[in-house]
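Structure first, commentary second.
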Amino acid sequence: MRESRRLVGDTGTPRAGRGVRAVLCGALAVLLGPALVPPTPALAAPTCGPAGVAAPTETSWALRRLEPSSAWRISRGAGVTVAVIDSGVSAIHPTLKGQVREGRDFNGLPARQGQCDEAGHGTIVAGIIAGRDGTGAPFSGIAPDARILPIRVLPDAETRQDEGLPGQIAEAIVWAVDHGADVINLSLVTLHRPELASAVDYALGKRVVLVAAAGNRREQRPDQPAYPARYPGVIAVAGMDEEGGHVDSSVSGDYVDIAAPGLNIVGPAPGGSGYLNMEAGGTSFAAAYVSGVVALIRAAHPDLTPEQVAERLTRTADNPPEGHNAEIGYGMVNPYRAVATLLGTRKDPPPAAMAAPAPRQDPLGWQRTAAVWVAAVGALLAAVLLAVKPILDRGRRRGWRPGRRPSEVDLSATG
């Protein structure tokens, strides 16, 4: 039995038998031609996670609202690596093929290098960030030329208060920084721990931008702070809906920096070429949209510090009337303005005090200006004529002869 097990491979076919079969196939190929020999079946790409449903037939509201293609003439995220610390990322979906690097698994599947996503959560997040365009489906990521570094720390999409999770996330952040991440997306919420805070500081010190979900009410107690989003220097993202309002399930707080689509989300499924519809949405996906915009900024402005990237995001967002609030921060992220706006070195006024839009051009303005000038010249001429009229009347009465000066004396009148 022990000997037979040594001769049995993964398929159950004895290795010696496979060798004889290979020799016979080679001989048949020579004698009969390769067309008559059945081809050796290719190994199928590994699948992991739900297969999803058919591709959407129209562009999602989130992509219509953000319109990332307007920024692609300036930046598509080329050369930027975004680490997705999540439930893993599939590398086989058409929109992610060639986009996903080999990563790391901190949660039980080290051989898959972060490319197994049994939950589907991390694959949607990665697709939103850097999904390829031009695949035939009306879907793409915000930064289609960026690359994904997958790091698996979650076995599923459930929120858990696992005492070991903050330490795993901290390890994942440090590993991502040390393996070339320019941006780290954290679409998760966990507990505060000193090692996690230290990992965040380490990443910021290495000029890596961190983007995190602000948290969802259905998964989190109202009095529970959301980490790592709550740490200083981390860009905390809330969710907005199609009407531009705050998603009710999105956690509010003074630490919220910005918002992005967080309801009725569509993204790639990990188990093939299908898609997943996440109607309930969540700040996880809102964070992904912002990470995609950060990748665009990083590619266009590589010298910016994490603080400057955050400032650019918030100063170019579509602000609420009051400029900032606890529900959506500085408002909906705006990819084109975030990439294209020229921000000076001086301290510009806060978004609430941004200049009003330029007035609309009046096509008849030049005619009105000309009319004003004609009226002014006419009034001047009329004034001159009124002043000269008495002089002209006097001259006409004297026959245009010069008159006497008042000081002259008429001697003929005295004898």
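We name chains A, B, ... following the order of the structure tokens; residues begin at 1 in each chain, and ligands are numbered from 1 as shown.
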
*asked:* Residues of segment 56-286 of chain A classed as alpha helix (DSSP H) by DSSP on the backbone are to be reported as a ChimeraX atom specification.
replied: /A:61-66,121-130,165-178,194-205,283-286

Atoms to include: N, CA and C atoms. Write the selected residues as a compact mmCIF listing (two decimals), in the first residue's frame.
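Once written, result.txt looks like this:
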```txt
# COMPACT_ATOMS: atom_id res chain seq x y z
N TRP A 61 -24.39 53.42 -11.63
CA TRP A 61 -24.58 54.82 -11.29
C TRP A 61 -23.31 55.42 -10.71
N ALA A 62 -22.54 54.60 -10.00
CA ALA A 62 -21.32 55.10 -9.38
C ALA A 62 -20.32 55.57 -10.43
N LEU A 63 -20.14 54.79 -11.50
CA LEU A 63 -19.21 55.20 -12.56
C LEU A 63 -19.75 56.38 -13.34
N ARG A 64 -21.07 56.44 -13.53
CA ARG A 64 -21.65 57.61 -14.21
C ARG A 64 -21.46 58.86 -13.36
N ARG A 65 -21.60 58.71 -12.06
CA ARG A 65 -21.48 59.87 -11.17
C ARG A 65 -20.04 60.35 -11.07
N LEU A 66 -19.09 59.44 -10.93
CA LEU A 66 -17.69 59.84 -10.76
C LEU A 66 -17.00 60.13 -12.09
N HIS A 121 -15.55 39.66 -1.32
CA HIS A 121 -15.46 41.07 -0.89
C HIS A 121 -14.22 41.76 -1.45
N GLY A 122 -13.06 41.14 -1.25
CA GLY A 122 -11.82 41.76 -1.70
C GLY A 122 -11.73 41.91 -3.21
N THR A 123 -12.33 40.97 -3.95
CA THR A 123 -12.29 41.04 -5.41
C THR A 123 -13.11 42.21 -5.92
N ILE A 124 -14.28 42.46 -5.31
CA ILE A 124 -15.07 43.63 -5.70
C ILE A 124 -14.27 44.90 -5.42
N VAL A 125 -13.66 44.97 -4.24
CA VAL A 125 -12.88 46.14 -3.87
C VAL A 125 -11.76 46.37 -4.88
N ALA A 126 -11.03 45.31 -5.22
CA ALA A 126 -9.93 45.43 -6.18
C ALA A 126 -10.43 45.85 -7.56
N GLY A 127 -11.58 45.29 -7.98
CA GLY A 127 -12.13 45.66 -9.28
C GLY A 127 -12.52 47.13 -9.34
N ILE A 128 -13.08 47.64 -8.25
CA ILE A 128 -13.45 49.06 -8.20
C ILE A 128 -12.20 49.93 -8.30
N ILE A 129 -11.13 49.49 -7.68
CA ILE A 129 -9.90 50.29 -7.69
C ILE A 129 -9.20 50.26 -9.04
N ALA A 130 -8.96 49.06 -9.58
CA ALA A 130 -8.07 48.94 -10.73
C ALA A 130 -8.56 47.97 -11.79
N LEU A 165 -7.00 39.81 15.21
CA LEU A 165 -7.11 40.48 13.91
C LEU A 165 -6.31 41.79 13.83
N PRO A 166 -6.35 42.67 14.84
CA PRO A 166 -5.55 43.89 14.72
C PRO A 166 -4.07 43.62 14.49
N GLY A 167 -3.54 42.58 15.15
CA GLY A 167 -2.15 42.24 14.94
C GLY A 167 -1.88 41.76 13.53
N GLN A 168 -2.82 40.95 12.97
CA GLN A 168 -2.66 40.48 11.59
C GLN A 168 -2.70 41.65 10.61
N ILE A 169 -3.63 42.58 10.83
CA ILE A 169 -3.72 43.74 9.95
C ILE A 169 -2.45 44.58 10.05
N ALA A 170 -1.93 44.72 11.27
CA ALA A 170 -0.68 45.46 11.44
C ALA A 170 0.45 44.80 10.66
N GLU A 171 0.57 43.48 10.76
CA GLU A 171 1.58 42.76 9.99
C GLU A 171 1.38 42.96 8.50
N ALA A 172 0.11 42.92 8.06
CA ALA A 172 -0.19 43.07 6.65
C ALA A 172 0.20 44.46 6.15
N ILE A 173 -0.03 45.50 6.96
CA ILE A 173 0.33 46.86 6.55
C ILE A 173 1.85 46.97 6.37
N VAL A 174 2.58 46.46 7.35
CA VAL A 174 4.05 46.54 7.26
C VAL A 174 4.55 45.74 6.06
N TRP A 175 3.98 44.54 5.85
CA TRP A 175 4.39 43.71 4.71
C TRP A 175 4.10 44.43 3.39
N ALA A 176 2.93 45.07 3.29
CA ALA A 176 2.57 45.79 2.07
C ALA A 176 3.55 46.92 1.79
N VAL A 177 3.90 47.68 2.83
CA VAL A 177 4.85 48.78 2.65
C VAL A 177 6.19 48.24 2.17
N ASP A 178 6.65 47.16 2.79
CA ASP A 178 7.95 46.60 2.46
C ASP A 178 7.97 45.91 1.10
N PRO A 194 -1.99 48.99 20.05
CA PRO A 194 -0.75 49.74 19.83
C PRO A 194 0.03 49.29 18.60
N GLU A 195 0.05 47.98 18.34
CA GLU A 195 0.80 47.50 17.17
C GLU A 195 0.17 47.96 15.86
N LEU A 196 -1.18 48.11 15.86
CA LEU A 196 -1.85 48.60 14.66
C LEU A 196 -1.54 50.07 14.45
N ALA A 197 -1.60 50.86 15.52
CA ALA A 197 -1.26 52.28 15.41
C ALA A 197 0.19 52.46 14.94
N SER A 198 1.09 51.62 15.42
CA SER A 198 2.50 51.71 15.01
C SER A 198 2.66 51.37 13.53
N ALA A 199 1.91 50.38 13.05
CA ALA A 199 1.98 50.01 11.64
C ALA A 199 1.49 51.15 10.76
N VAL A 200 0.41 51.83 11.18
CA VAL A 200 -0.10 52.98 10.43
C VAL A 200 0.97 54.07 10.37
N ASP A 201 1.61 54.36 11.50
CA ASP A 201 2.66 55.38 11.53
C ASP A 201 3.83 54.98 10.64
N TYR A 202 4.16 53.69 10.63
CA TYR A 202 5.25 53.20 9.78
C TYR A 202 4.94 53.46 8.31
N ALA A 203 3.70 53.15 7.89
CA ALA A 203 3.32 53.36 6.50
C ALA A 203 3.36 54.84 6.13
N LEU A 204 2.80 55.69 6.98
CA LEU A 204 2.80 57.13 6.70
C LEU A 204 4.22 57.67 6.64
N GLY A 205 5.08 57.15 7.51
CA GLY A 205 6.47 57.57 7.49
C GLY A 205 7.19 57.19 6.21
N THR A 283 -19.42 51.12 3.38
CA THR A 283 -18.27 52.01 3.28
C THR A 283 -17.02 51.29 2.77
N SER A 284 -17.04 49.96 2.79
CA SER A 284 -15.93 49.20 2.18
C SER A 284 -15.74 49.58 0.73
N PHE A 285 -16.84 49.65 0.01
CA PHE A 285 -16.76 49.94 -1.42
C PHE A 285 -16.53 51.43 -1.66
N ALA A 286 -17.07 52.28 -0.77
CA ALA A 286 -16.78 53.71 -0.87
C ALA A 286 -15.28 53.95 -0.74
```

*asked:* Which residues are close to segment 78-83 of chain A, i.e. within 6 Å by only C-alpha atoms, leaving aside same-chain residues fewer than 6 positions away? Reply as a ChimeraX atom specification.
replied: /A:145-150,181-184

File dump, residues just selected, N, CA and C atoms, as a tab-separated table (two decimals), in the first residue's frame:
```tsv
chain	number	residue	atom	x	y	z
A	145	ASP	N	-4.92	51.32	-14.91
A	145	ASP	CA	-3.53	50.95	-15.16
A	145	ASP	C	-2.75	50.72	-13.86
A	146	ALA	N	-3.41	50.83	-12.73
A	146	ALA	CA	-2.76	50.53	-11.45
A	146	ALA	C	-2.69	49.01	-11.27
A	147	ARG	N	-1.93	48.57	-10.28
A	147	ARG	CA	-1.80	47.15	-9.98
A	147	ARG	C	-2.22	46.89	-8.55
A	148	ILE	N	-2.71	45.67	-8.31
A	148	ILE	CA	-3.21	45.27	-7.00
A	148	ILE	C	-2.24	44.32	-6.32
A	149	LEU	N	-1.94	44.59	-5.06
A	149	LEU	CA	-1.15	43.68	-4.23
A	149	LEU	C	-2.13	43.06	-3.22
A	150	PRO	N	-2.53	41.80	-3.41
A	150	PRO	CA	-3.57	41.20	-2.55
A	150	PRO	C	-2.99	40.65	-1.25
A	181	ALA	N	4.00	48.76	-1.91
A	181	ALA	CA	2.68	49.42	-2.01
A	181	ALA	C	2.85	50.93	-1.95
A	182	ASP	N	2.13	51.63	-2.83
A	182	ASP	CA	2.07	53.09	-2.80
A	182	ASP	C	0.82	53.57	-2.07
A	183	VAL	N	-0.22	52.74	-2.12
A	183	VAL	CA	-1.50	53.03	-1.48
A	183	VAL	C	-1.95	51.75	-0.80
A	184	ILE	N	-2.58	51.88	0.38
A	184	ILE	CA	-3.13	50.71	1.07
A	184	ILE	C	-4.61	50.95	1.30
```

*asked:* So that I can check the surroundings of Gly329 of chain A, please list as a PyMOL selection string every protein, DNA and RNA residue that reaches within 7 Å of it, counting only C-alpha atoms and ignoring chain neighbours fewer than 5 positions away.
replied: chain A and resi 256-259+324

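If you count only C-alpha atoms and ignore residues fewer than 6 places along the chain from Gly49 of chain A, what sits within 12 Å of it is Ser87, Gly88, Val89, Ser90, Ala91, Ile92, His93, Gln115, Cys116, Asp117, Glu118, Ala119, Gly120, His121, Gly122, Thr123, Ile124, Pro155, Asp156, Ala157, Pro268, Ala269, Pro270, Gly271, Gly272, Ser273, Gly274, Tyr275 and Leu276 of chain A.
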
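Non-sequential neighbours of Pro306 of chain A (distance at most 7 Å, separation of 5 or more positions within a chain, only C-alpha atoms) are Leu204, Arg207, Val208 and Val209 of chain A.
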
Serialized selection, N, CA and C atoms, as a PDB file, in the first residue's frame:
```
ATOM      1  N   LEU A 204       2.799  55.690   6.984  1.00  0.00           N
ATOM      2  CA  LEU A 204       2.797  57.127   6.696  1.00  0.00           C
ATOM      3  C   LEU A 204       4.220  57.667   6.637  1.00  0.00           C
ATOM      4  N   ARG A 207       5.695  57.339   3.343  1.00  0.00           N
ATOM      5  CA  ARG A 207       4.948  58.082   2.319  1.00  0.00           C
ATOM      6  C   ARG A 207       3.920  57.217   1.594  1.00  0.00           C
ATOM      7  N   VAL A 208       3.379  56.238   2.292  1.00  0.00           N
ATOM      8  CA  VAL A 208       2.313  55.402   1.746  1.00  0.00           C
ATOM      9  C   VAL A 208       0.976  55.962   2.210  1.00  0.00           C
ATOM     10  N   VAL A 209       0.033  56.118   1.281  1.00  0.00           N
ATOM     11  CA  VAL A 209      -1.298  56.660   1.598  1.00  0.00           C
ATOM     12  C   VAL A 209      -2.199  55.525   2.064  1.00  0.00           C
TER      13      VAL A 209
END
```

_I'd like to know which residues of segment 117-253 of chain A are strand (DSSP E or B) (by DSSP, run on the backbone); could you write them as a ChimeraX atom specification?_
/A:147-152,183-186,190,209-213,216,227,235-240,246,250

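Using only C-alpha atoms for every distance, the candidate list A:Ala288, A:Val377, A:Ala212, A:Ile265 yields A:Ile265 as the residue closest to Thr59 of chain A.
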